[in-house]
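Structure below is query32.txt: compact mmCIF, C-alpha atoms and all ligand atoms.
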# COMPACT_ATOMS: atom_id res chain seq x y z
CA MET U 1 73.76 -158.02 -81.85
CA ARG U 2 73.18 -155.94 -84.77
CA ILE U 3 75.15 -157.31 -87.69
CA LYS U 4 72.83 -160.05 -88.56
CA GLY U 5 72.03 -163.39 -89.88
CA LYS U 6 68.32 -163.96 -89.48
CA ASN U 7 65.83 -161.72 -87.69
CA PHE U 8 63.69 -162.44 -84.71
CA ASP U 9 60.34 -160.76 -84.93
CA GLY U 10 59.49 -161.35 -81.28
CA GLU U 11 56.22 -163.05 -82.20
CA GLY U 12 57.18 -166.61 -82.88
CA GLY U 13 59.02 -165.70 -86.07
CA GLU U 14 62.51 -166.71 -87.02
CA GLU U 15 65.17 -166.58 -84.38
CA GLU U 16 67.98 -164.18 -85.11
CA GLU U 17 71.39 -165.70 -85.45
CA GLN U 18 73.20 -163.27 -83.19
CA LYS U 19 76.67 -162.36 -84.34
CA LEU U 20 79.33 -161.46 -81.87
CA VAL U 21 81.14 -158.53 -83.44
CA VAL U 22 84.81 -158.26 -82.50
CA GLY U 23 86.53 -155.02 -83.49
CA TYR U 24 90.28 -155.30 -83.68
CA ALA U 25 93.06 -152.72 -83.74
CA LEU U 26 96.32 -154.51 -84.44
CA THR U 27 99.48 -153.85 -86.40
CA LEU U 28 99.60 -155.43 -89.86
CA LYS U 29 102.17 -157.93 -88.60
CA LYS U 30 99.96 -158.91 -85.69
CA LYS U 31 96.86 -159.10 -87.85
CA LYS U 32 98.63 -161.47 -90.22
CA SER U 33 99.91 -163.78 -87.49
CA PHE U 34 96.73 -163.70 -85.39
CA LEU U 35 93.83 -163.53 -87.83
CA GLN U 36 94.77 -166.56 -89.87
CA PRO U 37 92.14 -167.75 -92.38
CA GLU U 38 91.44 -170.99 -90.53
CA PHE U 39 90.78 -169.11 -87.28
CA GLU U 40 88.52 -166.60 -88.99
CA ARG U 41 86.59 -169.44 -90.67
CA LEU U 42 86.08 -171.34 -87.41
CA ALA U 43 85.10 -168.16 -85.57
CA CYS U 44 82.64 -167.25 -88.33
CA LYS U 45 81.05 -170.71 -88.13
CA LYS U 46 80.52 -170.07 -84.41
CA GLY U 47 78.94 -166.68 -85.03
CA ILE U 48 81.95 -164.41 -84.49
CA LEU U 49 82.64 -161.63 -86.94
CA PHE U 50 85.97 -159.75 -86.94
CA VAL U 51 85.86 -156.13 -88.05
CA ALA U 52 88.98 -153.98 -88.53
CA ILE U 53 88.99 -150.72 -86.59
CA ASP U 54 90.12 -147.69 -88.57
CA VAL U 55 92.40 -145.79 -86.21
CA ASN U 56 92.02 -142.66 -88.34
CA LEU U 57 88.31 -142.44 -87.58
CA PRO U 58 86.65 -141.79 -84.22
CA LEU U 59 86.14 -145.11 -82.43
CA SER U 60 82.61 -144.17 -81.36
CA ASP U 61 81.59 -143.74 -85.02
CA GLN U 62 82.54 -147.33 -85.74
CA GLY U 63 80.91 -150.63 -84.90
CA PRO U 64 78.81 -151.21 -82.96
CA PHE U 65 81.07 -153.76 -81.35
CA ASP U 66 80.50 -156.37 -78.69
CA ILE U 67 84.20 -156.83 -78.02
CA ILE U 68 87.34 -154.88 -78.85
CA LEU U 69 90.76 -156.50 -79.11
CA HIS U 70 93.72 -154.19 -79.41
CA LYS U 71 97.49 -153.95 -79.33
CA LEU U 72 98.84 -150.72 -80.74
CA LEU U 73 101.62 -148.50 -79.54
CA GLY U 74 101.48 -145.06 -78.01
CA LYS U 75 99.75 -143.08 -75.31
CA GLU U 76 97.39 -141.47 -77.79
CA TRP U 77 95.84 -144.82 -78.69
CA GLY U 78 95.69 -145.81 -75.02
CA ASP U 79 93.77 -142.61 -74.24
CA ILE U 80 91.31 -143.25 -77.07
CA VAL U 81 90.60 -146.77 -75.80
CA GLU U 82 90.31 -145.62 -72.19
CA ASP U 83 87.88 -142.89 -73.17
CA TYR U 84 85.84 -145.41 -75.18
CA ARG U 85 85.79 -147.82 -72.24
CA GLN U 86 84.32 -145.09 -70.04
CA THR U 87 81.69 -144.01 -72.54
CA HIS U 88 80.77 -147.50 -73.80
CA PRO U 89 80.46 -149.72 -70.73
CA GLU U 90 78.36 -152.16 -72.79
CA VAL U 91 81.41 -153.04 -74.91
CA ILE U 92 83.97 -155.52 -73.61
CA VAL U 93 87.35 -153.96 -74.16
CA ILE U 94 90.15 -156.52 -73.96
CA ASP U 95 92.15 -155.26 -72.11
CA PRO U 96 92.30 -151.90 -70.22
CA PRO U 97 95.17 -149.71 -71.49
CA TYR U 98 96.46 -148.87 -67.98
CA ALA U 99 96.80 -152.60 -67.22
CA ILE U 100 98.64 -153.24 -70.48
CA GLN U 101 100.93 -150.32 -69.69
CA HIS U 102 102.08 -152.16 -66.58
CA LEU U 103 103.80 -154.72 -68.85
CA HIS U 104 105.66 -152.05 -70.81
CA ASN U 105 108.23 -151.71 -68.09
CA ARG U 106 110.44 -154.68 -67.25
CA GLN U 107 110.49 -153.77 -63.58
CA SER U 108 106.76 -153.31 -63.02
CA MET U 109 105.91 -156.35 -65.17
CA LEU U 110 107.49 -158.71 -62.62
CA GLN U 111 106.36 -156.95 -59.44
CA ASP U 112 103.15 -158.97 -59.14
CA VAL U 113 105.12 -162.21 -59.29
CA VAL U 114 107.21 -160.93 -56.38
CA ASP U 115 104.12 -159.85 -54.41
CA LEU U 116 102.46 -163.16 -55.06
CA ASN U 117 105.16 -164.89 -53.04
CA LEU U 118 104.43 -168.32 -54.49
CA SER U 119 106.96 -170.19 -52.43
CA ASP U 120 105.36 -173.44 -51.36
CA PHE U 121 102.75 -174.54 -53.84
CA HIS U 122 103.92 -177.47 -55.98
CA GLY U 123 107.16 -175.55 -56.28
CA ARG U 124 108.55 -172.07 -55.89
CA VAL U 125 108.13 -169.20 -58.34
CA GLY U 126 110.22 -166.08 -58.08
CA VAL U 127 111.97 -163.57 -60.30
CA PRO U 128 115.74 -163.27 -60.80
CA LYS U 129 117.45 -160.63 -58.70
CA GLN U 130 117.42 -157.46 -60.72
CA MET U 131 117.97 -153.73 -60.59
CA VAL U 132 117.12 -150.74 -62.71
CA ILE U 133 119.75 -148.38 -64.07
CA VAL U 134 118.26 -145.10 -65.12
CA LYS U 135 121.33 -143.00 -65.91
CA ASP U 136 125.03 -142.45 -65.30
CA THR U 137 126.68 -145.44 -66.92
CA LEU U 138 130.05 -144.90 -65.26
CA SER U 139 128.69 -145.77 -61.85
CA ILE U 140 126.92 -148.96 -62.98
CA PRO U 141 129.64 -151.38 -61.83
CA ASP U 142 129.64 -149.86 -58.34
CA GLU U 143 125.87 -149.77 -58.07
CA VAL U 144 125.56 -153.37 -59.21
CA ALA U 145 128.22 -154.57 -56.80
CA LYS U 146 126.50 -152.66 -53.98
CA ALA U 147 123.18 -154.30 -54.83
CA GLY U 148 124.87 -157.69 -54.55
CA LEU U 149 124.07 -158.94 -58.04
CA LYS U 150 126.22 -161.74 -59.42
CA LEU U 151 127.67 -162.15 -62.91
CA PRO U 152 126.68 -162.93 -65.57
CA LEU U 153 123.88 -160.43 -65.95
CA VAL U 154 121.26 -160.07 -68.63
CA ALA U 155 120.88 -156.44 -69.69
CA LYS U 156 117.41 -155.60 -71.00
CA PRO U 157 116.01 -152.24 -72.12
CA LEU U 158 113.75 -151.01 -69.32
CA VAL U 159 110.87 -150.08 -71.60
CA VAL U 160 109.16 -152.60 -73.86
CA ASP U 161 107.50 -150.49 -76.50
CA GLY U 162 107.14 -153.01 -79.31
CA SER U 163 110.22 -151.72 -81.11
CA ALA U 164 113.00 -154.10 -82.18
CA LYS U 165 115.35 -152.14 -79.91
CA SER U 166 113.34 -153.02 -76.83
CA HIS U 167 114.18 -156.67 -77.53
CA GLU U 168 117.94 -156.05 -77.91
CA LEU U 169 119.42 -157.92 -74.97
CA PHE U 170 123.02 -158.42 -73.83
CA LEU U 171 124.80 -160.90 -71.64
CA ALA U 172 127.29 -159.04 -69.46
CA CYS U 173 130.17 -161.18 -68.24
CA ASP U 174 132.41 -158.72 -66.41
CA TRP U 175 132.01 -155.65 -64.23
CA SER U 176 133.85 -153.05 -66.24
CA SER U 177 131.88 -153.74 -69.45
CA LEU U 178 128.69 -152.78 -67.66
CA SER U 179 129.47 -149.10 -68.23
CA GLU U 180 129.21 -149.67 -71.99
CA LEU U 181 125.50 -150.36 -71.65
CA GLU U 182 122.91 -147.79 -72.55
CA PRO U 183 120.38 -146.87 -69.81
CA PRO U 184 117.57 -146.97 -68.98
CA LEU U 185 117.87 -150.69 -68.50
CA VAL U 186 117.26 -153.61 -66.22
CA LEU U 187 120.16 -155.76 -65.10
CA GLN U 188 118.94 -159.20 -64.22
CA GLU U 189 120.94 -162.12 -62.87
CA PHE U 190 121.33 -164.84 -65.44
CA VAL U 191 119.84 -168.08 -64.12
CA ASN U 192 121.22 -171.34 -65.48
CA HIS U 193 118.23 -173.31 -66.79
CA ASP U 194 119.66 -176.03 -69.04
CA GLY U 195 118.76 -174.11 -72.18
CA ILE U 196 115.00 -174.65 -72.02
CA LEU U 197 112.31 -172.03 -71.49
CA PHE U 198 108.59 -172.57 -70.88
CA LYS U 199 106.25 -170.18 -72.64
CA ILE U 200 102.94 -170.15 -70.82
CA TYR U 201 100.15 -168.70 -72.92
CA ILE U 202 97.09 -167.35 -71.13
CA VAL U 203 93.79 -166.74 -72.91
CA GLY U 204 91.26 -165.95 -70.22
CA ASP U 205 90.97 -169.15 -68.18
CA ALA U 206 92.86 -171.28 -70.70
CA ILE U 207 96.55 -172.11 -70.29
CA LYS U 208 98.85 -173.63 -72.88
CA VAL U 209 102.55 -174.31 -72.35
CA VAL U 210 105.24 -174.84 -74.98
CA ARG U 211 108.97 -175.43 -74.70
CA ARG U 212 111.50 -173.23 -76.46
CA PHE U 213 115.28 -173.46 -76.70
CA SER U 214 117.06 -170.78 -74.75
CA LEU U 215 120.59 -169.80 -73.66
CA SER U 216 122.95 -172.54 -72.46
CA ASN U 217 124.26 -172.64 -68.91
CA VAL U 218 127.23 -170.43 -68.13
CA ASN U 219 129.83 -171.58 -65.60
CA GLN U 220 132.36 -169.50 -63.67
CA CYS U 221 135.23 -170.88 -65.72
CA GLN U 222 133.66 -169.72 -69.01
CA LEU U 223 132.95 -166.38 -67.40
CA ALA U 224 136.59 -165.79 -66.56
CA LYS U 225 137.61 -166.64 -70.13
CA VAL U 226 135.12 -164.43 -71.96
CA PRO U 227 134.90 -160.96 -70.43
CA GLY U 228 132.73 -158.42 -72.20
CA ILE U 229 129.13 -157.88 -73.19
CA PHE U 230 127.51 -160.04 -75.81
CA PRO U 231 124.38 -159.20 -77.74
CA PHE U 232 122.04 -162.12 -78.16
CA PRO U 233 119.29 -162.14 -80.76
CA ARG U 234 115.76 -163.41 -80.01
CA VAL U 235 116.88 -166.77 -78.72
CA SER U 236 113.52 -168.19 -77.70
CA SER U 237 111.48 -167.21 -80.73
CA ALA U 238 108.97 -169.58 -82.32
CA ALA U 239 111.69 -171.00 -84.58
CA ALA U 240 113.35 -172.30 -81.42
CA SER U 241 110.55 -174.73 -80.52
CA ALA U 242 111.84 -177.56 -78.35
CA ASP U 243 108.57 -179.47 -78.07
CA ASP U 244 109.76 -182.28 -80.32
CA ALA U 245 113.37 -182.26 -79.15
CA ASP U 246 114.99 -185.24 -77.50
CA LEU U 247 115.64 -183.73 -74.07
CA ASP U 248 116.63 -185.01 -70.67
CA PRO U 249 113.19 -185.71 -69.12
CA ARG U 250 114.17 -183.77 -66.00
CA VAL U 251 114.74 -180.70 -68.15
CA ALA U 252 111.75 -181.25 -70.44
CA GLU U 253 109.26 -181.83 -67.63
CA LEU U 254 106.68 -179.06 -67.70
CA PRO U 255 106.07 -177.02 -64.55
CA PRO U 256 103.35 -178.69 -62.43
CA ARG U 257 99.85 -177.93 -63.66
CA PRO U 258 98.46 -176.78 -60.26
CA LEU U 259 101.32 -174.32 -59.98
CA LEU U 260 100.62 -172.93 -63.46
CA GLU U 261 96.92 -172.66 -62.71
CA ARG U 262 97.51 -170.80 -59.48
CA LEU U 263 100.13 -168.51 -61.04
CA SER U 264 98.06 -167.61 -64.07
CA LYS U 265 94.86 -167.10 -62.08
CA GLU U 266 96.64 -164.81 -59.64
CA LEU U 267 98.37 -162.87 -62.40
CA ARG U 268 95.16 -162.48 -64.39
CA HIS U 269 93.57 -160.87 -61.37
CA ARG U 270 96.52 -158.84 -60.20
CA LEU U 271 97.43 -157.58 -63.66
CA GLY U 272 93.79 -157.16 -64.71
CA LEU U 273 94.64 -158.77 -68.06
CA ARG U 274 93.22 -161.71 -69.98
CA LEU U 275 95.70 -162.05 -72.84
CA PHE U 276 99.37 -162.51 -72.07
CA ASN U 277 102.18 -165.00 -71.85
CA ILE U 278 104.74 -165.74 -69.20
CA ASP U 279 108.34 -166.80 -69.90
CA MET U 280 109.44 -169.18 -67.17
CA ILE U 281 112.64 -171.14 -66.56
CA ARG U 282 113.54 -173.93 -64.14
CA GLU U 283 116.75 -173.42 -62.21
CA HIS U 284 119.44 -175.89 -63.23
CA GLY U 285 119.75 -178.83 -60.86
CA THR U 286 116.31 -178.35 -59.29
CA ARG U 287 112.95 -179.89 -59.95
CA ASP U 288 110.67 -177.18 -58.69
CA ILE U 289 112.41 -173.82 -58.49
CA PHE U 290 111.10 -171.56 -61.23
CA TYR U 291 111.74 -167.99 -62.31
CA VAL U 292 109.50 -165.72 -64.35
CA ILE U 293 111.73 -163.62 -66.58
CA ASP U 294 109.28 -161.93 -68.92
CA ILE U 295 105.56 -161.26 -69.39
CA ASN U 296 104.20 -160.15 -72.76
CA TYR U 297 100.85 -158.65 -73.61
CA PHE U 298 98.89 -160.22 -76.51
CA PRO U 299 101.82 -162.37 -77.64
CA GLY U 300 102.07 -164.33 -80.88
CA TYR U 301 99.02 -166.55 -80.33
CA GLY U 302 99.21 -167.76 -83.92
CA LYS U 303 102.08 -169.98 -82.76
CA MET U 304 100.15 -171.45 -79.84
CA PRO U 305 98.90 -175.00 -80.51
CA ASP U 306 95.08 -175.11 -80.93
CA TYR U 307 94.86 -171.33 -80.74
CA GLU U 308 91.92 -171.23 -83.14
CA VAL U 309 89.70 -173.32 -80.86
CA ILE U 310 91.00 -171.79 -77.62
CA PHE U 311 90.46 -168.22 -78.82
CA THR U 312 87.05 -168.94 -80.32
CA ASP U 313 85.92 -170.49 -77.03
CA PHE U 314 87.31 -167.52 -75.13
CA LEU U 315 85.36 -165.03 -77.25
CA LEU U 316 82.20 -167.12 -76.98
CA THR U 317 82.27 -166.91 -73.18
CA PHE U 318 81.41 -163.22 -73.58
CA LYS U 319 78.45 -164.07 -75.78
CA LYS U 320 77.08 -166.35 -73.08
CA LYS U 321 77.66 -163.71 -70.42
CA LYS U 322 75.92 -161.10 -72.53
CA TYR U 323 72.82 -163.22 -73.04
CA ARG U 324 72.74 -164.10 -69.38
CA ALA U 325 72.80 -160.37 -68.58
CA ILE U 326 69.97 -159.68 -71.03
CA SER U 327 67.80 -162.47 -69.67
CA CYS U 328 68.41 -161.25 -66.10
CA GLU U 329 67.21 -157.78 -67.09
CA ASP U 330 64.01 -159.26 -68.59
N1 LIG H 1 117.44 -163.89 -66.22
C1 LIG H 1 117.62 -164.71 -67.23
N2 LIG H 1 118.29 -165.88 -67.06
C2 LIG H 1 118.47 -166.72 -68.10
N3 LIG H 1 118.06 -166.48 -69.36
C3 LIG H 1 117.39 -165.34 -69.59
C4 LIG H 1 117.13 -164.41 -68.55
N4 LIG H 1 116.46 -163.37 -69.07
C5 LIG H 1 116.29 -163.65 -70.38
N5 LIG H 1 116.84 -164.82 -70.70
C6 LIG H 1 116.86 -165.42 -72.06
O1 LIG H 1 116.72 -164.38 -72.98
C7 LIG H 1 115.50 -164.50 -73.72
C8 LIG H 1 114.90 -163.12 -73.95
O2 LIG H 1 114.63 -162.50 -72.72
P1 LIG H 1 113.22 -161.82 -72.46
O3 LIG H 1 112.17 -162.85 -72.64
O4 LIG H 1 113.27 -161.11 -71.18
O5 LIG H 1 113.22 -160.77 -73.66
P2 LIG H 1 112.09 -160.21 -74.58
O6 LIG H 1 112.74 -159.39 -75.62
O7 LIG H 1 111.07 -159.53 -73.75
O8 LIG H 1 111.45 -161.54 -75.25
P3 LIG H 1 110.01 -161.73 -75.95
O9 LIG H 1 110.31 -161.92 -77.39
O10 LIG H 1 109.51 -163.00 -75.29
O11 LIG H 1 109.18 -160.55 -75.62
C9 LIG H 1 114.62 -165.40 -72.87
O12 LIG H 1 113.65 -166.05 -73.66
C10 LIG H 1 115.67 -166.35 -72.30
O13 LIG H 1 116.04 -167.28 -73.29
O1 LIG H 2 106.03 -161.36 -83.32
P1 LIG H 2 105.41 -162.51 -82.60
O2 LIG H 2 104.13 -162.99 -83.22
O3 LIG H 2 106.41 -163.59 -82.38
O4 LIG H 2 104.94 -162.03 -81.17
C1 LIG H 2 105.81 -161.37 -80.27
C2 LIG H 2 105.26 -160.01 -80.02
O5 LIG H 2 105.30 -159.24 -81.22
P2 LIG H 2 104.01 -158.64 -81.95
O6 LIG H 2 103.09 -158.09 -80.91
O7 LIG H 2 104.53 -157.61 -82.88
O8 LIG H 2 103.36 -159.79 -82.71
C3 LIG H 2 106.07 -159.27 -79.01
O9 LIG H 2 105.41 -158.07 -78.73
P3 LIG H 2 106.18 -156.70 -78.46
O10 LIG H 2 106.82 -156.85 -77.12
O11 LIG H 2 107.19 -156.55 -79.56
O12 LIG H 2 105.11 -155.72 -78.49
C4 LIG H 2 106.18 -160.06 -77.71
O13 LIG H 2 104.90 -160.20 -77.13
C5 LIG H 2 106.75 -161.43 -78.01
O14 LIG H 2 106.79 -162.15 -76.81
C6 LIG H 2 105.88 -162.18 -79.01
O15 LIG H 2 106.50 -163.44 -79.28
P4 LIG H 2 106.07 -164.75 -78.46
O16 LIG H 2 106.37 -164.50 -77.02
O17 LIG H 2 104.63 -165.01 -78.67
O18 LIG H 2 106.94 -165.79 -79.07
MG MG H 3 110.50 -163.27 -73.54
MG MG H 4 109.05 -159.76 -73.71
Please render this file's structure as structure tokens.
Amino acid sequence: MRIKGKNFDGEGGEEEEQKLVVGYALTLKKKKSFLQPEFERLACKKGILFVAIDVNLPLSDQGPFDIILHKLLGKEWGDIVEDYRQTHPEVIVIDPPYAIQHLHNRQSMLQDVVDLNLSDFHGRVGVPKQMVIVKDTLSIPDEVAKAGLKLPLVAKPLVVDGSAKSHELFLACDWSSLSELEPPLVLQEFVNHDGILFKIYIVGDAIKVVRRFSLSNVNQCQLAKVPGIFPFPRVSSAAASADDADLDPRVAELPPRPLLERLSKELRHRLGLRLFNIDMIREHGTRDIFYVIDINYFPGYGKMPDYEVIFTDFLLTFKKKKYRAISCED
């Protein structure tokens, strides 16, 4: 690449220290949590240079880049990246906007898990029963009863657009309160999971799992006593780490590694994405029945243990591929 260390004159002179130039388009919040100084230092030592993309300037006038990382909102940005992908096939754009878009809807984000039908491979992975409500709040209780969903239900905004509102969730404990909810939304059966959630981070081929505290089990008796809908703030955020907690080993036990490898490999291919995480829970009273409840694009990797090394290695795989391609052409 072009932003250099030393030059190679092609005639036995000094070998150029090729830099891998990674352009990034991230919100300020994301930049701060992702591009931490230690990560940037390690990456730099390994020949990776991060360059901020100016979204107010044409993308083609910037760079040149070897890789582009991006997570910004809006169709306009998606179109710019898609257009760039078409016109700059030599640049590795991580990831395609249309594939990211698939995760912006809480119904489509789980469809590949359903299609995968992972039912007998070191355990079973499904998604909770759910339905989409687009409009007409008064008929929600009837529609939900007709669909055969059981209380309690988790109500989630249908669209995940990065706004705080798209993370405002409610636990609905009786039928009549359902009409107070604001569509479009997804109603998902609440699955008792002993208050522990597994966050499975994917970075290309690498997988890292952490435990987070989550909502406690709800029994029928509690349900009868507390009708209504209850907002719950971001229960399984990084502050809710349960990795060092003293847990019942049956609850703490991570999902089997072969199952996670199969699931993440399949999802990487089906979703066409390399950077995402999966929220998974184990059904109370079982050892190997799991549910995927959420998938997030380019999550908060800064909170993933060893993310600096994992991400650096991930980016370097593209450097190797690039050189392989060049030497094949020769
Ligand atoms: N079906 C469910 N059964 C049990 N608990 C659930 C269910 N759905 C969500 N939860 C709980 O609510 C939390 C938030 O739900 P979810 O992950 O779908 O929301 P989100 O706003 O997309 O979260 P994130 O911050 O990970 O993007 C989960 O981490 C889990 O603790
Ligand atoms: O804010 P954090 O660093 O925690 O990252 C969160 C990220 O917000 P950001 O993209 O603004 O960083 C969220 O993205 P949006 O849905 O809001 O787009 C979503 O991916 C969460 O799941 C991430 O939390 P995690 O799952 O990793 O705990
Ligand atoms: Mg989640
Ligand atoms: Mg989410």
Item checked: For ligand MG 3 (chain H), the nearest of the candidates U:Leu59, U:Met109, U:Val144, U:Ala245, counting only C-alpha atoms and all ligand atoms ->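 Closest to ligand MG 3 (chain H), using only C-alpha atoms and all ligand atoms: U:Met109.
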Item checked: Top pick for closest residue to ligand LIG 1 (chain H), considering U:Pro152, U:Pro96, U:Gly302, U:Pro227 and counting all atoms listed in the file ->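 Smallest separation from ligand LIG 1 (chain H) among the options: U:Pro152.
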Notebook entry, point to check: Residues within 7 Å of ligand LIG 1 (chain H) (all atoms listed in the file), as an MDAnalysis selection string?
Noted result: chainID U and resid 128 154 156 166:169 188:193 197 214:215 234:237 279 293:294 296
Residues from the last selection, C-alpha atoms, saved as a PDB file, in the coordinates of the input:
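Final file, part06.pdb:
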ATOM      1  CA  PRO U 128     115.740-163.270 -60.800  1.00  0.00           C
ATOM      2  CA  VAL U 154     121.260-160.070 -68.630  1.00  0.00           C
ATOM      3  CA  LYS U 156     117.410-155.600 -71.000  1.00  0.00           C
ATOM      4  CA  SER U 166     113.340-153.020 -76.830  1.00  0.00           C
ATOM      5  CA  HIS U 167     114.180-156.670 -77.530  1.00  0.00           C
ATOM      6  CA  GLU U 168     117.940-156.050 -77.910  1.00  0.00           C
ATOM      7  CA  LEU U 169     119.420-157.920 -74.970  1.00  0.00           C
ATOM      8  CA  GLN U 188     118.940-159.200 -64.220  1.00  0.00           C
ATOM      9  CA  GLU U 189     120.940-162.120 -62.870  1.00  0.00           C
ATOM     10  CA  PHE U 190     121.330-164.840 -65.440  1.00  0.00           C
ATOM     11  CA  VAL U 191     119.840-168.080 -64.120  1.00  0.00           C
ATOM     12  CA  ASN U 192     121.220-171.340 -65.480  1.00  0.00           C
ATOM     13  CA  HIS U 193     118.230-173.310 -66.790  1.00  0.00           C
ATOM     14  CA  LEU U 197     112.310-172.030 -71.490  1.00  0.00           C
ATOM     15  CA  SER U 214     117.060-170.780 -74.750  1.00  0.00           C
ATOM     16  CA  LEU U 215     120.590-169.800 -73.660  1.00  0.00           C
ATOM     17  CA  ARG U 234     115.760-163.410 -80.010  1.00  0.00           C
ATOM     18  CA  VAL U 235     116.880-166.770 -78.720  1.00  0.00           C
ATOM     19  CA  SER U 236     113.520-168.190 -77.700  1.00  0.00           C
ATOM     20  CA  SER U 237     111.480-167.210 -80.730  1.00  0.00           C
ATOM     21  CA  ASP U 279     108.340-166.800 -69.900  1.00  0.00           C
ATOM     22  CA  ILE U 293     111.730-163.620 -66.580  1.00  0.00           C
ATOM     23  CA  ASP U 294     109.280-161.930 -68.920  1.00  0.00           C
ATOM     24  CA  ASN U 296     104.200-160.150 -72.760  1.00  0.00           C
TER      25      ASN U 296
END
Notebook entry, point to check: Given the choices U:Ile53, U:Leu254, U:Leu158, U:Val125, which gets closest to ligand LIG 2 (chain H) if the distance is worked out from all atoms listed in the file?
Noted result: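 Among the listed residues, the smallest separation from ligand LIG 2 (chain H) belongs to U:Leu158.
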Margin query: What's the separation between atom CA of U:Leu138 and atom CA of U:Glu182, in Å to one decimal place?
Written below: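 Rounded to one decimal, the two atoms are 10.6 Å apart.
The two atoms in question, atom CA of U:Val127 and atom CA of U:Gln111, are spaced 8.7 Å apart.
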For stretch 118-120 of chain U, list every protein, DNA or RNA residue within 10 Å, evaluated using all atoms listed in the file, and leave out those in the same chain fewer than 2 positions away; present the list as a compact mmCIF listing (two decimals) with C-alpha atoms, keeping the file's coordinate frame.
# COMPACT_ATOMS: atom_id res chain seq x y z
CA VAL U 113 105.12 -162.21 -59.29
CA VAL U 114 107.21 -160.93 -56.38
CA ASP U 115 104.12 -159.85 -54.41
CA LEU U 116 102.46 -163.16 -55.06
CA HIS U 122 103.92 -177.47 -55.98
CA GLY U 123 107.16 -175.55 -56.28
CA ARG U 124 108.55 -172.07 -55.89
CA VAL U 125 108.13 -169.20 -58.34
CA GLY U 126 110.22 -166.08 -58.08
CA LEU U 259 101.32 -174.32 -59.98
CA ARG U 262 97.51 -170.80 -59.48
CA LEU U 263 100.13 -168.51 -61.04
CA GLU U 266 96.64 -164.81 -59.64
CA ASP U 288 110.67 -177.18 -58.69
CA ILE U 289 112.41 -173.82 -58.49
CA PHE U 290 111.10 -171.56 -61.23
Checklist line | Nearest-residue call for U:Gly47, choices U:Gln18, U:Gln62, U:Ile133, U:Val309, using all atoms listed in the file | finding: U:Gln18
Next item on the list: Tell me which of U:Phe314, U:Phe232, U:Tyr201, U:Tyr307 sits closest to U:Ser264, counting all atoms listed in the file.
Entry: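 Counting all atoms listed in the file, the residue closest to U:Ser264 is U:Tyr201.
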Check: For U:His88, which residue out of U:Pro258, U:Gly74, U:Pro64, U:Gly204 is the nearest one, using all atoms listed in the file?
Finding: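 For U:His88, the nearest of the candidates is U:Pro64.
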Checklist line | Interatomic distance, atom CA of U:Val159 to atom CA of U:Asn105 (Å, one decimal) | finding: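 Computing the Euclidean distance for atom CA of U:Val159 and atom CA of U:Asn105 yields 4.7 Å.
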Note to self: Taking all atoms listed in the file and a cut-off of 9 Å, can you tell me which residues surround ligand LIG 2 (chain H), written as number ranges by chain?
What the structure shows: U: 26-31, 33-34, 71-73, 104, 160-164, 166-167, 199, 201, 236-239, 276-279, 294-304
Check: What's the 12 Å shell around stretch 89-94 of chain U, counting all atoms listed in the file, without same-chain residues fewer than 4 positions away, as a ChimeraX atom specification?
Finding: /U:1,20-25,59-60,63-71,78,80-85,98-100,203-204,272-276,297-298,314-315,317-319,321-322,325-326
